[in-house]
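In what follows, a single structure is set out as C-alpha cells and then discussed.
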Amino acid sequence: MSPKGFIGENLPGWRPEELGGKLIVIEGADGSGRSVQIELLKNWLEEDGHGVVNVGLKQSSLVSEELEQAKQGNILGPITLSLFYATDFADQLENKIIPALRAGFIVLADRYVYTLMARDIVRGADPAWLEAIYEIAIRPDIVFYLKVSPQVLVDRNFQKNATLDYWESGMDIPLSRDMFQSFMRYQAMIQKQFKLFQRKYGFEVVNGNRTPKAIAREIRAKCQKILPE
C-alpha cells in the first residue's frame with residue numbers, strides 16, 4: 001500500500017509522518033470468520049513482540065452503548081444510522097487509533113470505514129457525501145476483505161445464532177419480506193460494492209470459504225511485508 005496518510009484531507013493537527021505504527025484492517029460480513037482471524041492475528045503479532053490495540057464498529061466510549069440500544073428497535077432511518085456510526089468512528093479515531101499509531105502500536109481494526117460506506121451506499125446514500133464524512137480516516141497499511149459466498153454466510157449464521165440479523169439481512173431497505181431472500185440480495189449488493197472499493201483502495205481479497213488456518217497463513221504472509229523488522 002501507499003505511505004500512510006488520510007483517505008481525504010489530513011485531520012487538522014496531525015501529520016502522517018508522526019504516525020509510526022501500523023493500521024491493519026480485516027473486513028467481512030458477519031459469518032465471514034472475521035472475528036476468528038482478528039483473534040488469531042492479534043495472538044501472532046503479540047507473540048512476535050508487537051503491541052496491539054483493537055478497534056472496531058460500536059467500540060467507542062462515547063456512543064457505542066447508545067448505538068446498540070437504538071438498533072434494537074429496528075427503527076433507525078438510514079441517515080441517522082449513518083451519522084451514529086460516523087460519530088462512533090470519529091471518537092475512536094481521535095482517542096484510540098491516532099494515539100496508538102503515534103506511540104508505534106499496531107492497530108488491528110475489526111472492520112473500518114469501508115463497511116460503513118458500503119452499507120450506506122446500498123441504502124441509497126450519496127458516495128460523495130460519505131467520502132466527505134470519512135475523508136479524515138487514516139489510510140490503512142493493509143486491508144483484508146474476507147469474501148464468502150452468501151449461501152455460506154447463511155449457513156454459518158444459522159449455525160452460530162440459529163437466526164439471521166435484521167440489519168445484516170437488509171430488512172430495513174427492504175429487499176424482500178422473506179428474511180432469507182433479503183439476506184442473500186443484501187449480501188450480494190455489499191459484495192458488489194466491496195468489489196468497487198477493491199479497485200479504488202487496493203484491498204487484499206481473501207477467499208473466506210476456506211479453513212481458518214489456511215486463511216490465517218495467507219494473512220500472516222502478507223502482513224509480514226508491512227511489519228517493522
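Identifiers in this document derive from the order of the C-alpha cells: chains are assigned A, B, ..., residues are numbered from 1 separately in each chain, and ligands are numbered from 1 in order of occurrence.
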Identify, on the basis of only C-alpha atoms, every residue whose closest approach to range 75-89 of chain A does not exceed 8 Å; exclude the query and any residue fewer than 2 positions from it along the same chain; express the result as number ranges by chain. A: 57-60, 62-64, 67, 70-71, 73, 91-93, 113, 116, 120, 123, 125, 133-134
Excluding same-chain residues fewer than 4 positions from range 187-199 of chain A, what lies within 7 Å of it counting only C-alpha atoms, as a count of residues only? 6
Please report the interatomic distance between CA of Gly202 in chain A and CA of Phe144 in chain A in Å with one decimal. 9.6 Å
Enumerate, as a PyMOL selection string, the complete set of residues in range 30-205 of chain A that a backbone-based DSSP assignment places in helix (DSSP H, G or I). chain A and resi 34-47+64-72+78-102+113-122+127-136+150-161+179-201
Can you list, as a list in words, every protein, DNA or RNA residue that comes within 8 Å of range 211-215 of chain A when you count only C-alpha atoms, leaving out same-chain residues fewer than 6 positions away?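 Within the cut-off, the hits are Gly33, Val36 and Gln37 of chain A.
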Dump of N, CA and C atoms for the selected residues, as a tab-separated table (two decimals), in the first residue's frame:
```tsv
chain	number	residue	atom	x	y	z
A	33	GLY	N	-15.93	-15.19	9.27
A	33	GLY	CA	-14.76	-15.66	10.01
A	33	GLY	C	-13.86	-14.53	10.43
A	36	VAL	N	-12.61	-14.51	14.17
A	36	VAL	CA	-11.60	-15.56	14.39
A	36	VAL	C	-10.25	-15.10	13.88
A	37	GLN	N	-10.23	-14.51	12.69
A	37	GLN	CA	-8.97	-14.06	12.10
A	37	GLN	C	-8.37	-12.89	12.89
```
Among range 20-160 of chain A, which residues does DSSP mark as strand (DSSP E) when it is run on the backbone? Keep the chain and numbering as in the structure and answer as a PyMOL selection string. chain A and resi 22-27+52-56+106-110+142-147
Set the distance at 10 Å and use only C-alpha atoms: which residues neighbour range 103-109 of chain A once local chain neighbours fewer than 5 positions away are removed? I'd like the list as a count of residues only. 30
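Using only C-alpha atoms for every distance, the candidate list A:Met117, A:Ala29, A:Leu153, A:Leu146 yields A:Leu153 as the residue closest to Phe180 in chain A.
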CA of Tyr186 in chain A and CA of Gly31 in chain A are how many Å apart?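 Rounded to one decimal, the two atoms are 14.2 Å apart.
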Using only C-alpha atoms, find the one residue out of A:Ile138, A:Val152, A:Met179, A:Val206 that sits nearest to Asp165 in chain A. A:Met179
Across A:Arg177, A:Ala221, A:Tyr114, A:Ile226, the smallest distance to Ile7 in chain A, with only C-alpha atoms counted, is shown by A:Tyr114
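Among A:Glu66, A:Glu135, A:Val205, A:Asp30, the residue with the shortest atom-to-atom distance to Thr163 in chain A, counting only C-alpha atoms, is A:Asp30.
In terms of minimum interatomic distance to Pro228 in chain A, A:Gly49 ranks closest within A:Gly208, A:Glu68, A:Arg156, A:Gly49, counting only C-alpha atoms.
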Using only C-alpha atoms, determine which residues lie at most 7 Å from Gly28 in chain A, disregarding the query and same-chain residues fewer than 3 positions distant; provide the list as a list of chain:residue names.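 Near neighbours after the sequence-gap exclusion: A:Ser32, A:Arg34, A:Tyr145, A:Leu146, A:Lys147.
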Okay, now the selection with C-alpha atoms, as an mmCIF file, in the first residue's frame?
```cif
data_model
loop_
_atom_site.group_PDB
_atom_site.id
_atom_site.type_symbol
_atom_site.label_atom_id
_atom_site.label_comp_id
_atom_site.auth_asym_id
_atom_site.auth_seq_id
_atom_site.Cartn_x
_atom_site.Cartn_y
_atom_site.Cartn_z
ATOM 1 C CA SER A 32 -17.097 -14.481 7.240
ATOM 2 C CA ARG A 34 -13.565 -12.125 10.616
ATOM 3 C CA TYR A 145 -11.519 -8.437 2.739
ATOM 4 C CA LEU A 146 -12.790 -11.903 3.612
ATOM 5 C CA LYS A 147 -15.032 -12.760 0.691
#
```
